[in-house]
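Everything below belongs to model16.cif, which stores mmCIF, C-alpha atoms.
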data_query
#
loop_
_atom_site.label_atom_id
_atom_site.label_comp_id
_atom_site.auth_asym_id
_atom_site.auth_seq_id
_atom_site.Cartn_x
_atom_site.Cartn_y
_atom_site.Cartn_z
CA MET A 55 13.74 -58.94 -65.85
CA THR A 56 15.22 -61.33 -63.31
CA GLU A 57 13.22 -63.16 -60.66
CA ALA A 58 14.65 -60.78 -58.04
CA ALA A 59 13.19 -57.81 -59.93
CA LEU A 60 9.72 -59.18 -59.26
CA PHE A 61 10.20 -58.39 -55.58
CA THR A 62 11.46 -54.81 -55.68
CA THR A 63 10.63 -51.58 -57.50
CA PRO A 64 12.47 -49.94 -60.40
CA GLU A 65 13.00 -46.83 -58.28
CA MET A 66 14.66 -48.68 -55.41
CA ALA A 67 16.68 -50.83 -57.80
CA SER A 68 17.99 -47.58 -59.29
CA VAL A 69 18.94 -46.14 -55.89
CA PHE A 70 21.09 -49.18 -55.11
CA ALA A 71 22.42 -49.86 -58.59
CA PRO A 72 26.23 -49.99 -59.04
CA ARG A 73 26.20 -46.68 -60.89
CA ALA A 74 24.30 -45.01 -58.02
CA HIS A 75 26.78 -46.47 -55.54
CA LEU A 76 29.69 -45.04 -57.49
CA ARG A 77 27.94 -41.67 -57.74
CA ALA A 78 27.45 -41.60 -53.95
CA ILE A 79 31.13 -42.36 -53.32
CA LEU A 80 32.11 -39.59 -55.71
CA ARG A 81 29.75 -37.22 -53.87
CA PHE A 82 31.65 -38.02 -50.68
CA GLU A 83 35.03 -37.44 -52.33
CA ALA A 84 33.92 -34.11 -53.80
CA ALA A 85 32.40 -32.99 -50.49
CA LEU A 86 35.57 -33.99 -48.65
CA ALA A 87 37.75 -31.96 -51.02
CA ARG A 88 35.54 -28.87 -50.77
CA ALA A 89 35.40 -29.16 -46.97
CA GLU A 90 39.18 -29.44 -46.73
CA ALA A 91 39.60 -26.41 -48.96
CA ARG A 92 37.24 -24.43 -46.72
CA ALA A 93 39.31 -25.49 -43.70
CA GLY A 94 42.58 -24.54 -45.41
CA VAL A 95 43.84 -28.13 -45.53
CA ILE A 96 44.17 -28.39 -49.32
CA PRO A 97 44.33 -25.70 -52.04
CA ARG A 98 41.02 -24.38 -53.33
CA GLU A 99 42.12 -25.09 -56.91
CA ALA A 100 42.67 -28.74 -56.00
CA ALA A 101 39.19 -29.00 -54.53
CA GLU A 102 37.70 -27.50 -57.68
CA ALA A 103 39.59 -29.95 -59.88
CA ILE A 104 38.56 -32.92 -57.73
CA THR A 105 34.92 -31.82 -57.72
CA ALA A 106 34.94 -31.45 -61.51
CA ALA A 107 36.40 -34.93 -61.89
CA CYS A 108 33.75 -36.52 -59.64
CA ASP A 109 31.47 -37.10 -62.61
CA VAL A 110 30.17 -40.66 -62.77
CA ASP A 111 30.09 -40.52 -66.58
CA GLN A 112 33.89 -40.38 -66.63
CA PHE A 113 34.25 -43.79 -64.99
CA ASP A 114 33.89 -47.40 -66.15
CA VAL A 115 31.59 -48.80 -63.49
CA ALA A 116 32.04 -52.44 -64.47
CA ALA A 117 35.83 -52.14 -64.51
CA LEU A 118 35.87 -50.55 -61.06
CA TYR A 119 33.72 -53.32 -59.59
CA ALA A 120 35.97 -55.92 -61.20
CA ALA A 121 39.04 -54.25 -59.68
CA ALA A 122 37.35 -54.17 -56.26
CA VAL A 123 37.46 -57.98 -56.11
CA ASP A 124 41.23 -57.96 -55.62
CA ALA A 125 41.36 -54.61 -53.83
CA GLY A 126 38.88 -55.77 -51.18
CA THR A 127 36.85 -52.57 -51.35
CA LEU A 128 35.40 -50.48 -54.15
CA ALA A 129 36.91 -47.31 -52.67
CA ILE A 130 40.48 -48.26 -53.59
CA PRO A 131 40.05 -48.50 -57.39
CA ILE A 132 37.74 -45.47 -57.33
CA VAL A 133 40.33 -43.32 -55.55
CA ARG A 134 42.98 -44.57 -57.97
CA ALA A 135 40.81 -43.75 -60.99
CA LEU A 136 39.75 -40.40 -59.57
CA THR A 137 43.35 -39.46 -58.95
CA ALA A 138 44.18 -40.31 -62.54
CA HIS A 139 41.29 -38.17 -63.81
CA VAL A 140 42.37 -35.20 -61.69
CA GLY A 141 46.08 -35.58 -62.38
CA GLY A 142 48.78 -36.97 -60.10
CA GLY A 143 52.25 -35.81 -59.15
CA ASP A 144 52.37 -32.27 -57.83
CA ASP A 145 48.95 -31.47 -59.26
CA ALA A 146 45.55 -31.57 -57.62
CA GLY A 147 45.37 -35.35 -57.87
CA ARG A 148 47.62 -35.81 -54.88
CA PHE A 149 44.91 -34.28 -52.65
CA VAL A 150 42.25 -36.84 -53.60
CA HIS A 151 40.88 -38.71 -50.57
CA TRP A 152 43.11 -36.60 -48.32
CA GLY A 153 43.06 -37.84 -44.72
CA ALA A 154 40.17 -40.27 -45.27
CA THR A 155 39.96 -44.05 -45.32
CA SER A 156 38.08 -46.46 -47.56
CA GLN A 157 35.40 -47.08 -44.94
CA ASP A 158 34.67 -43.36 -44.72
CA ALA A 159 33.81 -43.32 -48.42
CA ILE A 160 31.92 -46.64 -48.43
CA ASP A 161 29.87 -45.96 -45.30
CA THR A 162 28.97 -42.38 -46.13
CA ALA A 163 27.97 -43.35 -49.65
CA LEU A 164 25.75 -46.07 -48.25
CA VAL A 165 24.19 -43.58 -45.83
CA LEU A 166 23.37 -41.30 -48.78
CA GLN A 167 21.80 -44.22 -50.64
CA MET A 168 19.85 -45.30 -47.58
CA ARG A 169 18.53 -41.76 -47.16
CA ASP A 170 17.20 -41.84 -50.71
CA GLY A 171 15.85 -45.35 -50.13
CA LEU A 172 14.04 -44.35 -46.97
CA GLY A 173 12.34 -41.55 -48.88
CA LEU A 174 10.99 -44.07 -51.39
CA LEU A 175 9.80 -46.41 -48.64
CA GLU A 176 8.05 -43.56 -46.86
CA ASP A 177 6.28 -42.45 -50.05
CA ASP A 178 4.93 -45.94 -50.70
CA LEU A 179 3.94 -46.38 -47.05
CA LEU A 180 1.98 -43.14 -47.23
CA ALA A 181 0.17 -44.42 -50.31
CA LEU A 182 -0.54 -47.73 -48.56
CA CYS A 183 -1.89 -45.86 -45.54
CA ALA A 184 -4.12 -43.79 -47.80
CA GLY A 185 -5.69 -46.98 -49.14
CA CYS A 186 -6.13 -48.39 -45.64
CA ALA A 187 -7.70 -45.14 -44.45
CA ALA A 188 -10.17 -45.17 -47.33
CA HIS A 189 -11.28 -48.72 -46.44
CA ALA A 190 -11.47 -47.87 -42.73
CA GLU A 191 -13.83 -45.00 -43.40
CA ALA A 192 -15.89 -46.66 -46.12
CA HIS A 193 -16.35 -49.93 -44.23
CA ARG A 194 -16.64 -48.83 -40.61
CA ARG A 195 -20.13 -50.42 -40.62
CA THR A 196 -19.38 -53.40 -42.87
CA VAL A 197 -19.85 -56.18 -40.33
CA MET A 198 -17.81 -59.36 -40.67
CA ALA A 199 -16.57 -62.19 -38.51
CA GLY A 200 -13.54 -61.52 -36.39
CA ARG A 201 -11.31 -64.57 -36.33
CA THR A 202 -8.99 -65.88 -33.63
CA LEU A 203 -6.85 -68.98 -34.15
CA LEU A 204 -8.39 -69.07 -37.65
CA GLN A 205 -11.85 -69.67 -36.15
CA GLN A 206 -14.79 -67.26 -36.10
CA ALA A 207 -14.82 -65.36 -32.81
CA VAL A 208 -17.03 -62.25 -32.49
CA PRO A 209 -18.24 -59.64 -34.99
CA ILE A 210 -15.92 -56.86 -36.11
CA THR A 211 -16.08 -54.59 -39.14
CA PHE A 212 -13.87 -54.58 -42.19
CA GLY A 213 -13.29 -50.92 -41.38
CA LEU A 214 -11.69 -51.95 -38.08
CA LYS A 215 -9.46 -54.49 -39.82
CA ALA A 216 -8.34 -51.81 -42.28
CA ALA A 217 -7.83 -49.39 -39.38
CA ARG A 218 -5.46 -51.86 -37.75
CA TRP A 219 -3.51 -52.08 -41.01
CA LEU A 220 -3.50 -48.29 -41.07
CA ALA A 221 -2.21 -48.02 -37.51
CA LEU A 222 0.53 -50.52 -38.32
CA GLY A 223 1.61 -48.55 -41.38
CA THR A 224 1.51 -45.27 -39.47
CA ARG A 225 3.78 -46.64 -36.76
CA ARG A 226 6.25 -47.91 -39.34
CA LEU A 227 6.26 -44.49 -41.03
CA ARG A 228 7.11 -42.78 -37.75
CA ALA A 229 9.92 -45.26 -37.14
CA LEU A 230 11.45 -44.75 -40.58
CA ARG A 231 11.34 -40.97 -40.24
CA ALA A 232 13.09 -41.12 -36.89
CA LEU A 233 16.10 -42.71 -38.58
CA ARG A 234 16.96 -39.45 -40.31
CA GLU A 235 17.92 -37.92 -36.96
CA ASP A 236 19.20 -40.97 -35.13
CA ALA A 237 20.97 -43.19 -37.63
CA LEU A 238 21.82 -41.45 -40.91
CA ALA A 239 25.10 -39.89 -39.85
CA LEU A 240 28.31 -38.93 -41.63
CA GLN A 241 31.22 -41.35 -41.43
CA LEU A 242 34.62 -39.66 -41.31
CA GLY A 243 37.34 -40.97 -39.03
CA GLY A 244 40.41 -41.65 -41.10
CA ALA A 245 42.52 -44.77 -40.78
CA ALA A 246 41.48 -45.82 -37.27
CA GLY A 247 38.93 -43.25 -36.16
CA THR A 248 41.30 -40.50 -34.97
CA LEU A 249 41.44 -38.20 -38.04
CA ALA A 250 45.13 -37.85 -37.23
CA ALA A 251 46.01 -37.19 -40.88
CA LEU A 252 44.04 -33.92 -40.68
CA GLY A 253 45.93 -32.67 -37.66
CA ASP A 254 43.98 -30.03 -35.74
CA HIS A 255 41.47 -29.62 -38.55
CA GLY A 256 39.69 -32.98 -38.21
CA LEU A 257 36.53 -31.84 -36.48
CA VAL A 258 36.22 -28.72 -38.62
CA VAL A 259 36.56 -30.75 -41.81
CA ALA A 260 33.98 -33.28 -40.56
CA GLY A 261 31.55 -30.47 -39.88
CA TYR A 262 32.03 -29.03 -43.35
CA VAL A 263 31.63 -32.42 -45.05
CA ALA A 264 28.41 -32.97 -43.11
CA GLU A 265 27.18 -29.55 -44.29
CA GLU A 266 28.03 -30.39 -47.89
CA LEU A 267 26.07 -33.65 -47.72
CA THR A 268 23.30 -32.43 -45.38
CA LEU A 269 24.07 -35.13 -42.85
CA PRO A 270 24.35 -34.90 -39.05
CA VAL A 271 27.82 -35.09 -37.52
CA PRO A 272 28.15 -38.01 -35.08
CA ASP A 273 29.91 -37.51 -31.76
CA LEU A 274 32.55 -40.04 -32.83
CA PRO A 275 33.33 -42.00 -35.99
CA TRP A 276 31.42 -45.28 -35.94
CA HIS A 277 33.53 -47.59 -38.12
CA ALA A 278 33.14 -50.63 -35.86
CA GLU A 279 30.08 -49.63 -33.82
CA ARG A 280 27.20 -50.61 -36.08
CA ASP A 281 24.21 -49.88 -33.89
CA ARG A 282 23.13 -47.16 -36.34
CA VAL A 283 23.17 -49.63 -39.22
CA ALA A 284 21.33 -52.16 -37.07
CA MET A 285 18.69 -49.54 -36.21
CA ILE A 286 18.12 -48.94 -39.90
CA ALA A 287 18.00 -52.66 -40.66
CA GLY A 288 15.56 -53.24 -37.82
CA ALA A 289 13.24 -50.41 -38.85
CA VAL A 290 13.27 -51.31 -42.54
CA GLY A 291 12.88 -55.00 -41.73
CA LEU A 292 9.90 -54.25 -39.49
CA ALA A 293 8.33 -52.13 -42.21
CA ALA A 294 8.62 -55.08 -44.58
CA GLY A 295 7.33 -57.43 -41.88
CA ALA A 296 4.28 -55.24 -41.38
CA MET A 297 3.38 -55.93 -44.98
CA GLU A 298 3.36 -59.65 -44.21
CA LYS A 299 0.56 -59.09 -41.70
CA ILE A 300 -1.54 -57.14 -44.21
CA ALA A 301 -0.89 -59.51 -47.12
CA THR A 302 -1.60 -62.56 -44.96
CA ASP A 303 -4.99 -61.16 -43.96
CA ILE A 304 -5.79 -60.49 -47.60
CA VAL A 305 -4.84 -63.94 -48.91
CA LEU A 306 -6.86 -65.60 -46.13
CA LEU A 307 -9.90 -63.45 -46.84
CA ALA A 308 -9.52 -64.11 -50.57
CA GLN A 309 -9.62 -67.92 -50.23
CA THR A 310 -12.36 -69.50 -52.31
CA ASP A 311 -14.13 -70.83 -49.22
CA VAL A 312 -14.06 -67.40 -47.57
CA GLY A 313 -14.32 -65.06 -50.55
CA GLU A 314 -14.70 -61.83 -48.60
CA VAL A 315 -12.19 -59.82 -50.66
CA ASP A 316 -10.49 -60.00 -54.03
CA GLU A 317 -7.59 -58.10 -55.51
CA GLY A 318 -8.86 -55.81 -58.23
CA ALA A 319 -9.14 -57.41 -61.63
CA ALA A 320 -6.79 -56.31 -64.40
CA THR A 321 -5.85 -57.71 -67.78
CA GLY A 322 -3.32 -60.50 -67.33
CA LYS A 323 -3.40 -60.30 -63.55
CA GLY A 324 -4.05 -63.21 -61.22
CA GLY A 325 -4.71 -65.90 -63.79
CA SER A 326 -3.46 -69.46 -63.96
CA SER A 327 -1.54 -71.19 -66.74
CA ALA A 328 -3.77 -74.24 -66.32
CA MET A 329 -7.06 -73.20 -64.70
CA PRO A 330 -9.12 -70.54 -66.50
CA HIS A 331 -11.30 -69.82 -63.47
CA LYS A 332 -8.48 -68.73 -61.14
CA HIS A 333 -8.15 -65.20 -59.77
CA ASN A 334 -5.07 -65.36 -57.60
CA PRO A 335 -4.00 -62.62 -55.14
CA VAL A 336 -0.75 -61.96 -56.96
CA ASP A 337 0.23 -58.70 -55.28
CA ALA A 338 -0.34 -60.10 -51.81
CA ALA A 339 1.65 -63.19 -52.77
CA ALA A 340 4.53 -61.07 -54.06
CA ALA A 341 4.43 -58.97 -50.88
CA LEU A 342 4.71 -62.13 -48.79
CA ALA A 343 7.68 -63.37 -50.83
CA ALA A 344 9.42 -60.00 -50.57
CA THR A 345 8.96 -59.86 -46.78
CA ARG A 346 10.70 -63.20 -46.41
CA LEU A 347 13.57 -62.06 -48.60
CA ALA A 348 13.84 -58.81 -46.63
CA ALA A 349 13.90 -60.71 -43.35
CA GLY A 350 16.83 -62.78 -44.58
CA SER A 351 18.83 -59.67 -45.46
CA ALA A 352 17.96 -57.95 -42.17
CA SER A 353 19.09 -60.99 -40.23
CA VAL A 354 22.55 -60.80 -41.82
CA ILE A 355 22.95 -57.21 -40.63
CA LEU A 356 21.54 -57.75 -37.16
CA ALA A 357 23.49 -60.95 -36.58
CA ALA A 358 26.76 -59.22 -37.43
CA ALA A 359 26.06 -55.94 -35.64
CA GLY A 360 28.30 -56.78 -32.69
CA ALA A 361 30.94 -58.73 -34.61
CA HIS A 362 32.98 -55.73 -35.79
CA GLN A 363 36.44 -56.25 -34.38
CA HIS A 364 38.56 -53.43 -32.95
CA GLU A 365 38.63 -50.35 -35.22
CA ARG A 366 37.66 -52.00 -38.53
CA ALA A 367 35.83 -55.25 -39.08
CA VAL A 368 36.86 -58.18 -41.22
CA GLY A 369 33.84 -59.92 -42.70
CA ALA A 370 30.97 -58.33 -40.79
CA TRP A 371 31.37 -54.93 -42.44
CA GLN A 372 31.79 -56.43 -45.89
CA ALA A 373 28.58 -58.47 -45.48
CA GLU A 374 26.63 -55.21 -45.19
CA TRP A 375 27.58 -54.22 -48.72
CA ASN A 376 25.17 -56.79 -50.14
CA ALA A 377 22.73 -57.15 -47.27
CA ILE A 378 21.75 -53.48 -46.96
CA PRO A 379 20.92 -52.92 -50.65
CA ASP A 380 19.04 -56.23 -50.73
CA LEU A 381 17.07 -55.29 -47.62
CA PHE A 382 15.98 -51.99 -49.14
CA ARG A 383 15.14 -53.59 -52.48
CA TYR A 384 12.97 -56.30 -50.93
CA ALA A 385 11.34 -53.96 -48.42
CA ALA A 386 10.39 -51.69 -51.30
CA GLY A 387 8.87 -54.65 -53.12
CA ALA A 388 6.93 -55.74 -50.05
CA ILE A 389 5.46 -52.29 -49.47
CA ALA A 390 4.71 -51.61 -53.13
CA HIS A 391 2.94 -54.93 -53.65
CA ALA A 392 0.98 -54.56 -50.40
CA ARG A 393 -0.02 -51.06 -51.47
CA ARG A 394 -1.31 -52.28 -54.81
CA SER A 395 -3.18 -55.11 -53.14
CA VAL A 396 -4.86 -52.84 -50.59
CA CYS A 397 -5.63 -49.97 -52.95
CA GLY A 398 -7.21 -52.26 -55.53
CA LEU A 399 -9.07 -54.43 -53.04
CA GLU A 400 -12.66 -55.40 -53.81
CA VAL A 401 -14.68 -55.95 -50.63
CA HIS A 402 -17.64 -58.35 -50.77
CA ARG A 403 -20.11 -57.26 -48.09
CA ASP A 404 -22.64 -59.97 -48.96
CA ARG A 405 -20.05 -62.72 -48.49
CA MET A 406 -19.01 -61.25 -45.15
CA ALA A 407 -22.63 -61.29 -43.99
CA ALA A 408 -23.13 -64.85 -45.21
CA ASN A 409 -20.01 -66.10 -43.48
CA LEU A 410 -21.01 -64.35 -40.29
CA ALA A 411 -24.32 -66.22 -40.32
CA ARG A 412 -22.66 -69.60 -40.83
CA GLY A 413 -23.10 -72.01 -37.96
CA GLY A 414 -26.52 -70.65 -37.13
CA GLY A 415 -25.24 -67.44 -35.58
CA VAL A 416 -23.14 -69.06 -32.84
CA VAL A 417 -20.60 -66.27 -33.41
CA MET A 418 -22.95 -64.22 -31.17
CA SER A 419 -22.62 -66.58 -28.20
CA GLU A 420 -20.42 -64.17 -26.21
CA SER A 421 -22.94 -61.37 -26.70
CA LEU A 422 -25.78 -63.58 -25.51
CA ALA A 423 -23.75 -64.78 -22.51
CA MET A 424 -22.92 -61.19 -21.54
CA ALA A 425 -26.62 -60.27 -21.71
CA LEU A 426 -27.46 -63.22 -19.48
CA ALA A 427 -24.59 -62.85 -17.01
CA PRO A 428 -26.09 -60.03 -14.88
CA HIS A 429 -29.00 -62.36 -14.08
CA VAL A 430 -27.23 -65.66 -13.37
CA GLY A 431 -23.53 -64.84 -13.08
CA ARG A 432 -20.91 -65.18 -15.79
CA PRO A 433 -19.94 -68.85 -15.26
CA GLU A 434 -23.57 -70.00 -15.33
CA ALA A 435 -24.31 -67.78 -18.32
CA GLN A 436 -21.38 -69.36 -20.17
CA ARG A 437 -22.69 -72.84 -19.37
CA ILE A 438 -26.25 -72.08 -20.46
CA VAL A 439 -25.26 -70.45 -23.74
CA ARG A 440 -22.81 -73.26 -24.51
CA GLU A 441 -25.61 -75.72 -23.96
CA ALA A 442 -27.89 -73.76 -26.30
CA ALA A 443 -25.16 -73.53 -28.94
CA ASP A 444 -24.46 -77.25 -28.76
CA ARG A 445 -28.17 -77.97 -29.15
CA ALA A 446 -28.39 -75.66 -32.17
CA ALA A 447 -25.47 -77.46 -33.81
CA ALA A 448 -26.87 -80.90 -33.04
CA GLU A 449 -30.31 -80.05 -34.40
CA GLY A 450 -29.09 -78.04 -37.38
CA ASN A 451 -30.85 -75.04 -35.90
CA THR A 452 -29.90 -71.44 -35.18
CA LEU A 453 -28.64 -70.07 -31.90
CA ARG A 454 -31.63 -67.73 -31.91
CA ASP A 455 -34.13 -70.60 -31.99
CA ALA A 456 -32.20 -72.59 -29.41
CA ALA A 457 -31.99 -69.55 -27.11
CA LEU A 458 -35.66 -68.75 -27.35
CA ALA A 459 -36.45 -72.39 -26.54
CA HIS A 460 -34.05 -72.66 -23.58
CA GLU A 461 -35.79 -72.36 -20.21
CA GLY A 462 -32.79 -70.77 -18.48
CA ILE A 463 -32.57 -68.02 -21.10
CA ARG A 464 -36.32 -67.49 -21.38
CA ALA A 465 -36.55 -67.07 -17.61
CA ALA A 466 -34.05 -64.22 -17.58
CA LEU A 467 -34.30 -62.48 -20.96
CA SER A 468 -37.21 -61.25 -23.04
CA PRO A 469 -37.39 -62.25 -26.72
CA ALA A 470 -36.56 -58.65 -27.65
CA THR A 471 -33.44 -58.73 -25.46
CA VAL A 472 -32.39 -62.01 -27.06
CA GLU A 473 -32.86 -60.50 -30.51
CA ARG A 474 -30.70 -57.50 -29.61
CA ALA A 475 -28.01 -59.74 -28.15
CA LEU A 476 -27.89 -61.73 -31.40
CA ASP A 477 -27.58 -58.68 -33.67
CA PRO A 478 -23.95 -58.50 -34.90
CA ALA A 479 -24.20 -54.79 -35.69
CA ALA A 480 -25.15 -54.09 -32.07
CA TYR A 481 -22.10 -55.87 -30.64
CA LEU A 482 -19.21 -53.81 -31.98
CA GLY A 483 -18.08 -52.18 -28.75
CA SER A 484 -15.56 -49.36 -29.29
CA THR A 485 -15.04 -50.11 -32.97
CA ASP A 486 -15.91 -46.61 -34.15
CA SER A 487 -13.59 -45.02 -31.60
CA PHE A 488 -10.72 -47.30 -32.57
CA ILE A 489 -11.21 -46.46 -36.25
CA ASP A 490 -11.30 -42.75 -35.41
CA ARG A 491 -8.05 -43.07 -33.45
CA ALA A 492 -6.27 -44.78 -36.33
CA LEU A 493 -7.51 -42.17 -38.77
CA ALA A 494 -6.46 -39.32 -36.47
CA ALA A 495 -2.93 -40.70 -36.08
CA TYR A 496 -2.65 -41.11 -39.84
CA ARG A 497 -3.92 -37.60 -40.53
CA ALA A 498 -1.43 -36.21 -38.00
CA ILE A 499 1.52 -37.85 -39.74
CA LEU A 500 0.07 -36.86 -43.11
CA GLY A 501 -0.07 -33.27 -41.92
CA ARG A 502 3.61 -33.40 -41.02
CA ALA A 503 4.38 -34.89 -44.41
CA ASP A 504 2.49 -32.06 -46.14
CA ALA A 505 4.24 -29.50 -43.97
CA GLY A 506 7.62 -31.03 -44.89
#

Go through the file and emit its structure as structure tokens.
Amino acid sequence: MTEAALFTTPEMASVFAPRAHLRAILRFEAALARAEARAGVIPREAAEAITAACDVDQFDVAALYAAAVDAGTLAIPIVRALTAHVGGGDDAGRFVHWGATSQDAIDTALVLQMRDGLGLLEDDLLALCAGCAAHAEAHRRTVMAGRTLLQQAVPITFGLKAARWLALGTRRLRALRALREDALALQLGGAAGTLAALGDHGLVVAGYVAEELTLPVPDLPWHAERDRVAMIAGAVGLAAGAMEKIATDIVLLAQTDVGEVDEGAATGKGGSSAMPHKHNPVDAAAALAATRLAAGSASVILAAAGAHQHERAVGAWQAEWNAIPDLFRYAAGAIAHARRSVCGLEVHRDRMAANLARGGGVVMSESLAMALAPHVGRPEAQRIVREAADRAAAEGNTLRDAALAHEGIRAALSPATVERALDPAAYLGSTDSFIDRALAAYRAILGRADAG
């Protein structure tokens, strides 16, 4: 296993392996031949011979990739080899790749691979969302400190935090699914996007090829207009980036001095080569690494999206050949590692409660100020509570004791009202409703997945 394999999945690596790439190109060539036979452009017998020869086991993958270095594109040695397998001269071999161009084969093959890759990403995102949904429901009343700018702010629940992860994953799922209609389109335009070599049959052949491959037919060939590719890169990159948010939350909560969650223990997982006591968040760490790698690949695609000159690009198109497979590989790794981290997460309620009580309960200062504000106005309430909090800190006391001793608070609020204002579980606002909304959106998309 190489270091790169640590940040992908075997399934995605297989989808974008050289052999899979060759198989996808051969699928295009076979579909093209059958479509042209249906349209009366080439003999039916030729299409049958070409289809029979489009068997990846008949080709030397390594030799074809080596030949592509000088040819400038993998399609050229593949077409040459396919023609030889079919038979040249006056036989069926002369109809191989009829009317198409190298970019038609390369782009359509990549679209087929990306379609398979998107399916894998969606499956893992669904599994991640399932883990988030389980935490959201189980911990909707597990109170913890909400943190802003890495400082304790007001109480939230771990269920709400998980619900936000869930909502993020659900949005990314919807975005990936939309690509099937908007971006995964057939590429067939011939030498310069006119299909001139097919005469009056160009549009009919394109429609038949699209049928063969179950792809939508674009209005026009898109050789040098790469907005579709950029849409895919953006959506896949954002899906990977979403994992960075989740994994970052987990590694921060798993810090020794916080200790509110841990990745599930497993033999050989999370240890240190030097320190026997360590339990490192290895899946979250791998997810973070994979998101950075995915971002680098996405940036290559997005930066070059408008740099495709005239009817066929030099440089920008070729850069996609590496960047797109890498993006999918690393995005798969990010999602898979985040899924494992979330689904195996151990939540420590007692540590959350202890951390919430740190500082003598000053995390409840907003709640106390809001209880006081109707009596003295918000600015004065803020001043009074700040004064009480400062006194509690200076004296090593609790906010409760300082509040009950403060004349301004005692004059406006009863001890019972102060107690209610300082109860974290009573200051959760619309938390339950927000969790319910996230769960409902997830169940809606899950229902569509089941229906599909």

Q) Any idea what's packed within 9 Å of range 224-235 of chain A, counting all atoms listed in the file, ignoring anything in its chain fewer than 2 positions away? Could you give it as number ranges by chain? A) A: 169, 172-173, 175-176, 179-180, 183, 219-222, 237-239, 269-270, 282, 285-286, 289-290, 292-293, 296, 492, 495-496, 499

Q) Mind telling me what the PyMOL selection byres ((chain A and resi 428-438) around 12) catches here, as a PyMOL selection string? A) chain A and resi 419-427+439-445+453+456-457+459-467

Give me the residues of range 357-398 of chain A that have any atom at most 9 Å from an atom of range 162-167 of chain A; for each, the nearest atom pair and the distance in Å, rounded to one decimal. Use only C-alpha atoms, sort by chain and number, and format it as JSON lines.
{"residue": "A:Trp375", "atom": "CA", "partner": "A:Leu164", "partner_atom": "CA", "distance": 8.4}
{"residue": "A:Ile378", "atom": "CA", "partner": "A:Leu164", "partner_atom": "CA", "distance": 8.5}
{"residue": "A:Pro379", "atom": "CA", "partner": "A:Leu164", "partner_atom": "CA", "distance": 8.7}

Q: Run through the PyMOL selection byres ((chain A and resi 391) around 8) on the given coordinates and return the selected residues as a ChimeraX atom specification.
A: /A:337-338,340-341,387-390,392-395

Q: Quick one: apply the PyMOL selection byres ((chain A and resi 87-90) around 8) to the file and drop the selected residues here as a list in words.
A: Glu83, Ala84, Ala85, Leu86, Ala91, Arg92, Ala93, Gly94, Val95, Ile96, Arg98, Ala100, Ala101, Glu102, Ile104, Thr105, Phe149, Val150, His151, Trp152, Val259, Ala260, Tyr262, Val263 and Glu266 of chain A

Q. Which residues, written as a VMD selection string, have at least one atom at most 12 Å from Gln309 in chain A, with only C-alpha atoms counted and residues fewer than 4 positions away on the same chain left out?
A. chain A and resid 302 to 305 313 to 317 332 to 335 405
